[in-house]
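A.B. asks: What follows is a structure written as structure tokens; I'll ask about it next.
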Amino acid sequence: MHYIIVGAGPSGVTACETIRKLDQEAEITLITGQQEPPYSRMAIPYLLAEKIPESGTYLRHNNEHYTHLNINLVSEKVTEVNADDNSLSLSNGQSLSYDQLLIATGASAISPLIEGIDLASVHNCWTLEDARRIAEKAVAGSSVVLMGAGFIGCIILESLLKRGVHLTVVEMGDRMVPRMMDDTAGGLLKSWCESKGVQILTSCQVSSISETGDALEVAIKGSETLSADLVICATGVKSNMSFLENSSIELDQGIMVNKFLQTNIDNIYAAGDVAQGLDFSDQSWHIQAIQPTAVEHGRIAAINMVKSNSCEHHGSINMNILDTMGLISTSFGQWMGVAGGEEAVLLDKKNYRYLKLQFKDEYLVGVSSLGHTQNIGVVRGLIRGKAKLGVWKERLMKDPSRLMEAFLASSMSQA
Amino acid sequence: MEKSLVINPDKCTGCLQCELACSYENEGVFNPSKSRIKVFTFHQEGRFVPYTCTQCSEAWCQQACPVDAISLNPVTGAKEVNESSCVGCKVCTISCPFGTINYNQSSGKVIKCDLCGGNPKCVEACPTQAITYVDADQTGLDKMRQWATETDNSSSTNTANA
């Protein structure tokens, strides 16, 4: 049996390892589009902050890991999948045949179509190569404009400040990290950033970038033009699936999959940021683009590839944790609330602490927080376990910080 | 046979000796906020519940780690954080459904119970044997662990430590 896994991010690597555990005899080929050993984007901020060397970003630290597992690592781009004859084409002209195929090609950074976006000093912050280029330009005393105050934008703020740059953030939305924060949390985060010397322009948009000598001129709709040495574009990502356009695989925002992470073609599966997988909370199908979901997808898809659809995916909880210059925020599940639900809020503006719980009937369905990190994982346990809160619902409504007690009480009563 | 921590909340008096012993052993300070075992107080019921990592076989933290910084100690069965690899991204802290791996702001890394390498100090410190370290198939923690994992579809086919 030949398994081909396309994409060497957390999903692809986890899938290879899972297949190897389940099938010692399998032939496994892992195809990576990049020239580096499989690495983690989650670690790039720490590389930029010079806390770790490049090797510190690698998904697995043992250099021989893939050899030991007898995984054939191929560095090529896949240009086409030919489902009719179970083969795929590589950029070097070669063709490979598979019995089972997993597509885990992840996502790529996208840039808005504005004048000057292709200039040499404008970079995304997505790959190791991007990080190297940013590190070259983001030196002490330089001016940097960061487009986008989403997850990626925020998580690299500290690294950039540590490099000693003058930083301005330009965000199109009316608040920071709109996908994981409400107005209150976004507002607190903004004043936190400003207190650390970062200028944050919300409801503003970079309209064009031009070169004047060595510097860049950044024209901003809603604010004055800025001069910069480097522009970092962190405005969003999209699934890597253009190579599938001529295939018979069904695509939407990502690759469409069923509860087994299987596409419309029986022996082709998809996982991670490219897969439009099942969301636990509302049972809808969308791309979460988060590390835990990528790993979960990779593992479940692999089990189903080896053991013919024996592991049903009940959905992943969308969750994030973000450290913005020391202020840690989280979001879980339906943090924005649900129709007919109730919420409980704990707010301490002065200390940048915020905790908001969302309930539906007797169940916790979502949480967002700022400055609360201790035992925060139980939120996942409570949501995922559909823990019936009983008297703890009222107690949490009065004091949202007692999540851990609520978890212990529910688990003990059900043990 | 691997040993595991067995916690009997009925015997706990809430003295917090376990927290002090844990933080001293692992962080060199007597500071309950740095302890990897925590005693939770249930005022209404007049009850204390010590709680720490169950070293669950799903190893959510290990699976979620993007840089391979959490590994299984084959002798003790503990999932241990390798400080030199941990970048402090905290993904494990939201992935662990038990909430027992936590970010330590002062080190910029995560911390969790590692069973003190097979000689857990919380057990030594506990004056009432509310925390014991024994060969056990069905500990209280096991039951708790089962409850939480039964709710997740992936437990039956878990392969993290297969």
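To be explicit about the labels: the chains of the structure tokens are called A, B, and onward in the order shown, and within each one the residues are counted from 1, while ligands get numbers from 1 in the order they are shown.
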Could you list, as a list in words, every residue within 6 Å of region 113-128 of chain B, counting only C-alpha atoms and ignoring same-chain residues fewer than 3 positions away?

C.D. replies: Gln17, Cys18, Ala21, Cys22, Arg36, Cys53, Thr76, Ala78, Glu80, Ile131 and Thr132 of chain B

A.B. asks: So that each row is one residue of chain A with an atom at most 8 Å from chain B, can you give its shortest atom pair and the distance in Å to one decimal, using only C-alpha atoms, rows by chain and rising number, as JSON lines?

C.D. replies:
{"residue": "A:Pro10", "atom": "CA", "partner": "B:Pro66", "partner_atom": "CA", "distance": 6.9}
{"residue": "A:Thr18", "atom": "CA", "partner": "B:Thr159", "partner_atom": "CA", "distance": 6.7}
{"residue": "A:Lys21", "atom": "CA", "partner": "B:Ala162", "partner_atom": "CA", "distance": 7.1}
{"residue": "A:Tyr39", "atom": "CA", "partner": "B:Val67", "partner_atom": "CA", "distance": 7.8}
{"residue": "A:Ser40", "atom": "CA", "partner": "B:Pro66", "partner_atom": "CA", "distance": 5.9}
{"residue": "A:Met42", "atom": "CA", "partner": "B:Pro66", "partner_atom": "CA", "distance": 6.8}
{"residue": "A:Ala43", "atom": "CA", "partner": "B:Val87", "partner_atom": "CA", "distance": 6.7}
{"residue": "A:Tyr46", "atom": "CA", "partner": "B:Val87", "partner_atom": "CA", "distance": 6.6}
{"residue": "A:Lys51", "atom": "CA", "partner": "B:Val87", "partner_atom": "CA", "distance": 7.7}
{"residue": "A:Ile52", "atom": "CA", "partner": "B:Val87", "partner_atom": "CA", "distance": 7.5}
{"residue": "A:Gly56", "atom": "CA", "partner": "B:Ser85", "partner_atom": "CA", "distance": 6.6}
{"residue": "A:Thr57", "atom": "CA", "partner": "B:Val67", "partner_atom": "CA", "distance": 6.2}
{"residue": "A:Tyr58", "atom": "CA", "partner": "B:Val67", "partner_atom": "CA", "distance": 6.0}
{"residue": "A:Leu59", "atom": "CA", "partner": "B:Val67", "partner_atom": "CA", "distance": 4.7}
{"residue": "A:Arg60", "atom": "CA", "partner": "B:Asp68", "partner_atom": "CA", "distance": 5.4}
{"residue": "A:His61", "atom": "CA", "partner": "B:Asp68", "partner_atom": "CA", "distance": 6.6}
{"residue": "A:Gln291", "atom": "CA", "partner": "B:Ala64", "partner_atom": "CA", "distance": 6.9}
{"residue": "A:Pro292", "atom": "CA", "partner": "B:Ala64", "partner_atom": "CA", "distance": 5.3}
{"residue": "A:Val295", "atom": "CA", "partner": "B:Ala64", "partner_atom": "CA", "distance": 6.7}
{"residue": "A:Ile300", "atom": "CA", "partner": "B:Ser154", "partner_atom": "CA", "distance": 7.6}
{"residue": "A:Ile303", "atom": "CA", "partner": "B:Thr157", "partner_atom": "CA", "distance": 7.8}
{"residue": "A:Cys311", "atom": "CA", "partner": "B:Thr157", "partner_atom": "CA", "distance": 7.0}
{"residue": "A:Glu312", "atom": "CA", "partner": "B:Asn153", "partner_atom": "CA", "distance": 7.1}
{"residue": "A:His313", "atom": "CA", "partner": "B:Asn153", "partner_atom": "CA", "distance": 6.7}
{"residue": "A:His314", "atom": "CA", "partner": "B:Asn153", "partner_atom": "CA", "distance": 6.3}
{"residue": "A:Met319", "atom": "CA", "partner": "B:Ile94", "partner_atom": "CA", "distance": 7.4}
{"residue": "A:Asn320", "atom": "CA", "partner": "B:Ile94", "partner_atom": "CA", "distance": 7.5}
{"residue": "A:Ile321", "atom": "CA", "partner": "B:Val91", "partner_atom": "CA", "distance": 6.6}
{"residue": "A:Asp323", "atom": "CA", "partner": "B:Cys89", "partner_atom": "CA", "distance": 7.9}
{"residue": "A:Thr373", "atom": "CA", "partner": "B:Tyr103", "partner_atom": "CA", "distance": 7.0}
{"residue": "A:Gln374", "atom": "CA", "partner": "B:Asn102", "partner_atom": "CA", "distance": 6.0}
{"residue": "A:Asn375", "atom": "CA", "partner": "B:Gly99", "partner_atom": "CA", "distance": 4.0}
{"residue": "A:Ile376", "atom": "CA", "partner": "B:Gly99", "partner_atom": "CA", "distance": 5.5}
{"residue": "A:Gly377", "atom": "CA", "partner": "B:Gly99", "partner_atom": "CA", "distance": 3.9}
{"residue": "A:Val378", "atom": "CA", "partner": "B:Gly99", "partner_atom": "CA", "distance": 4.5}
{"residue": "A:Val379", "atom": "CA", "partner": "B:Pro97", "partner_atom": "CA", "distance": 7.0}
{"residue": "A:Arg380", "atom": "CA", "partner": "B:Pro97", "partner_atom": "CA", "distance": 5.1}
{"residue": "A:Gly381", "atom": "CA", "partner": "B:Pro97", "partner_atom": "CA", "distance": 3.9}
{"residue": "A:Leu382", "atom": "CA", "partner": "B:Pro97", "partner_atom": "CA", "distance": 7.6}
{"residue": "A:Arg384", "atom": "CA", "partner": "B:Thr151", "partner_atom": "CA", "distance": 6.8}
{"residue": "A:Gly385", "atom": "CA", "partner": "B:Thr151", "partner_atom": "CA", "distance": 4.9}
{"residue": "A:Lys386", "atom": "CA", "partner": "B:Thr151", "partner_atom": "CA", "distance": 7.7}
{"residue": "A:Met404", "atom": "CA", "partner": "B:Gly99", "partner_atom": "CA", "distance": 7.8}
{"residue": "A:Glu405", "atom": "CA", "partner": "B:Phe40", "partner_atom": "CA", "distance": 6.7}
{"residue": "A:Ser411", "atom": "CA", "partner": "B:Met144", "partner_atom": "CA", "distance": 5.8}
{"residue": "A:Met412", "atom": "CA", "partner": "B:Met144", "partner_atom": "CA", "distance": 6.5}
{"residue": "A:Gln414", "atom": "CA", "partner": "B:Trp147", "partner_atom": "CA", "distance": 6.8}
{"residue": "A:Ala415", "atom": "CA", "partner": "B:Lys143", "partner_atom": "CA", "distance": 5.3}

A.B. asks: Run DSSP on the backbone and give me the residues of region 200-290 of chain A it puts in helix (DSSP H, G or I), as an NGL selection string.

C.D. replies: :A and (242-244 or 272-274)

A.B. asks: Write the residues of the selection above to a file with all heavy atoms, as a PDB file, in the first residue's frame.

C.D. replies:
ATOM      1  N   SER A 242      -4.966  25.460  -5.494  1.00  0.00           N
ATOM      2  CA  SER A 242      -5.080  25.828  -6.911  1.00  0.00           C
ATOM      3  C   SER A 242      -4.654  24.674  -7.818  1.00  0.00           C
ATOM      4  O   SER A 242      -5.155  24.538  -8.925  1.00  0.00           O
ATOM      5  CB  SER A 242      -4.263  27.084  -7.205  1.00  0.00           C
ATOM      6  OG  SER A 242      -2.922  26.884  -6.856  1.00  0.00           O
ATOM      7  N   PHE A 243      -3.748  23.811  -7.311  1.00  0.00           N
ATOM      8  CA  PHE A 243      -3.297  22.677  -8.141  1.00  0.00           C
ATOM      9  C   PHE A 243      -4.399  21.626  -8.322  1.00  0.00           C
ATOM     10  O   PHE A 243      -4.235  20.678  -9.076  1.00  0.00           O
ATOM     11  CB  PHE A 243      -2.036  22.042  -7.544  1.00  0.00           C
ATOM     12  CG  PHE A 243      -2.268  21.319  -6.230  1.00  0.00           C
ATOM     13  CD1 PHE A 243      -2.265  19.926  -6.186  1.00  0.00           C
ATOM     14  CD2 PHE A 243      -2.490  22.020  -5.054  1.00  0.00           C
ATOM     15  CE1 PHE A 243      -2.484  19.259  -4.990  1.00  0.00           C
ATOM     16  CE2 PHE A 243      -2.715  21.361  -3.858  1.00  0.00           C
ATOM     17  CZ  PHE A 243      -2.708  19.984  -3.818  1.00  0.00           C
ATOM     18  N   LEU A 244      -5.520  21.817  -7.648  1.00  0.00           N
ATOM     19  CA  LEU A 244      -6.614  20.842  -7.757  1.00  0.00           C
ATOM     20  C   LEU A 244      -7.734  21.326  -8.673  1.00  0.00           C
ATOM     21  O   LEU A 244      -8.748  20.648  -8.842  1.00  0.00           O
ATOM     22  CB  LEU A 244      -7.191  20.558  -6.368  1.00  0.00           C
ATOM     23  CG  LEU A 244      -6.220  19.964  -5.357  1.00  0.00           C
ATOM     24  CD1 LEU A 244      -6.887  19.858  -3.989  1.00  0.00           C
ATOM     25  CD2 LEU A 244      -5.742  18.589  -5.814  1.00  0.00           C
ATOM     26  N   GLY A 272      -6.266  19.530   7.775  1.00  0.00           N
ATOM     27  CA  GLY A 272      -5.579  20.769   8.146  1.00  0.00           C
ATOM     28  C   GLY A 272      -6.178  21.997   7.486  1.00  0.00           C
ATOM     29  O   GLY A 272      -7.362  22.031   7.158  1.00  0.00           O
ATOM     30  N   ASP A 273      -5.342  23.013   7.290  1.00  0.00           N
ATOM     31  CA  ASP A 273      -5.816  24.319   6.819  1.00  0.00           C
ATOM     32  C   ASP A 273      -6.415  24.293   5.414  1.00  0.00           C
ATOM     33  O   ASP A 273      -7.004  25.278   4.987  1.00  0.00           O
ATOM     34  CB  ASP A 273      -4.662  25.339   6.800  1.00  0.00           C
ATOM     35  CG  ASP A 273      -4.214  25.735   8.187  1.00  0.00           C
ATOM     36  OD1 ASP A 273      -4.694  25.138   9.169  1.00  0.00           O
ATOM     37  OD2 ASP A 273      -3.366  26.641   8.289  1.00  0.00           O
ATOM     38  N   VAL A 274      -6.237  23.199   4.698  1.00  0.00           N
ATOM     39  CA  VAL A 274      -6.794  23.135   3.345  1.00  0.00           C
ATOM     40  C   VAL A 274      -8.175  22.463   3.360  1.00  0.00           C
ATOM     41  O   VAL A 274      -8.902  22.502   2.381  1.00  0.00           O
ATOM     42  CB  VAL A 274      -5.817  22.408   2.379  1.00  0.00           C
ATOM     43  CG1 VAL A 274      -5.852  20.890   2.590  1.00  0.00           C
ATOM     44  CG2 VAL A 274      -6.100  22.751   0.932  1.00  0.00           C
TER      45      VAL A 274
END

A.B. asks: Need the shell around region 345-359 of chain A: protein/DNA/RNA residues with any atom at most 7 Å away, counting only C-alpha atoms. Skip same-chain ones fewer than 6 positions apart. Format as a PyMOL selection string?

C.D. replies: chain A and resi 188+335+337+365-372+400

A.B. asks: I'd like the contact shell of Ser23 (chain B) - 9 Å cut-off, only C-alpha atoms, skipping same-chain residues fewer than 4 positions apart - returned as a list in words.

C.D. replies: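 Selected residues are Cys18, Glu19, Glu27, Gly28, Val29, Phe30, Asn31, Pro32, Ser33, Lys34, Ser35, Arg36 and Ile37 of chain B.
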
A.B. asks: Take the residues from that selection and write them out as a compact mmCIF listing (two decimals), in the first residue's frame, keeping N, CA, C and O atoms.

C.D. replies:
# COMPACT_ATOMS: atom_id res chain seq x y z
N CYS B 18 1.23 20.26 49.65
CA CYS B 18 1.59 19.70 48.34
C CYS B 18 2.02 20.81 47.38
O CYS B 18 3.01 20.66 46.65
N GLU B 19 1.29 21.92 47.42
CA GLU B 19 1.63 23.03 46.51
C GLU B 19 3.00 23.62 46.85
O GLU B 19 3.79 23.94 45.97
N GLU B 27 10.53 24.77 41.16
CA GLU B 27 10.86 26.16 40.85
C GLU B 27 11.82 26.77 41.87
O GLU B 27 12.21 27.92 41.73
N GLY B 28 12.12 26.02 42.91
CA GLY B 28 13.06 26.52 43.91
C GLY B 28 12.48 27.58 44.83
O GLY B 28 13.23 28.29 45.51
N VAL B 29 11.16 27.76 44.81
CA VAL B 29 10.54 28.75 45.69
C VAL B 29 9.30 28.15 46.35
O VAL B 29 8.65 27.27 45.79
N PHE B 30 8.99 28.63 47.55
CA PHE B 30 7.75 28.22 48.20
C PHE B 30 6.65 29.15 47.71
O PHE B 30 6.41 30.20 48.31
N ASN B 31 6.04 28.82 46.61
CA ASN B 31 5.06 29.72 46.01
C ASN B 31 3.96 28.91 45.33
O ASN B 31 4.14 28.41 44.22
N PRO B 32 2.83 28.77 46.02
CA PRO B 32 1.74 27.94 45.48
C PRO B 32 1.34 28.32 44.04
O PRO B 32 0.90 27.46 43.29
N SER B 33 1.54 29.58 43.66
CA SER B 33 1.12 29.95 42.31
C SER B 33 2.02 29.30 41.25
O SER B 33 1.68 29.29 40.08
N LYS B 34 3.19 28.79 41.68
CA LYS B 34 4.08 28.12 40.74
C LYS B 34 3.97 26.60 40.85
O LYS B 34 4.77 25.86 40.29
N SER B 35 2.99 26.14 41.62
CA SER B 35 2.85 24.70 41.83
C SER B 35 2.15 24.05 40.65
O SER B 35 1.29 24.65 40.02
N ARG B 36 2.52 22.82 40.38
CA ARG B 36 1.88 22.08 39.29
C ARG B 36 0.71 21.26 39.80
O ARG B 36 -0.05 20.72 39.01
N ILE B 37 0.61 21.14 41.11
CA ILE B 37 -0.59 20.54 41.69
C ILE B 37 -1.34 21.67 42.39
O ILE B 37 -0.70 22.56 42.97

A.B. asks: With a distance cut-off of 6 Å and only C-alpha atoms, select the neighbouring residues of Ser91 (chain A), excluding the residue or stretch itself and same-chain residues fewer than 2 positions from it, and output the selection as a list in words.

C.D. replies: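 Contacts, with the query itself left out: Lys77, Thr79 and Gly93 of chain A.
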
A.B. asks: If we count only C-alpha atoms, what is near Ala149 (chain A) at a cut-off of 8 Å, once residues fewer than 2 positions away on the same chain are taken out, given as a PyMOL selection string?

C.D. replies: chain A and resi 146-147+151-154+169-171+176-177+234-235

A.B. asks: Enter the distance from CA of Phe48 (chain B) to CA of Gln62 (chain B), in Å, rounded to one decimal.

C.D. replies: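 Separation of CA of Phe48 (chain B) and CA of Gln62 (chain B): 29.0 Å.
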
A.B. asks: Could you pull out the strand (DSSP E) residues of region 21-144 of chain B from DSSP and send them as a VMD selection string?

C.D. replies: chain B and resid 38 to 42 47 to 51 70 to 72 79 to 81 102 to 104 109 to 111 131 to 135
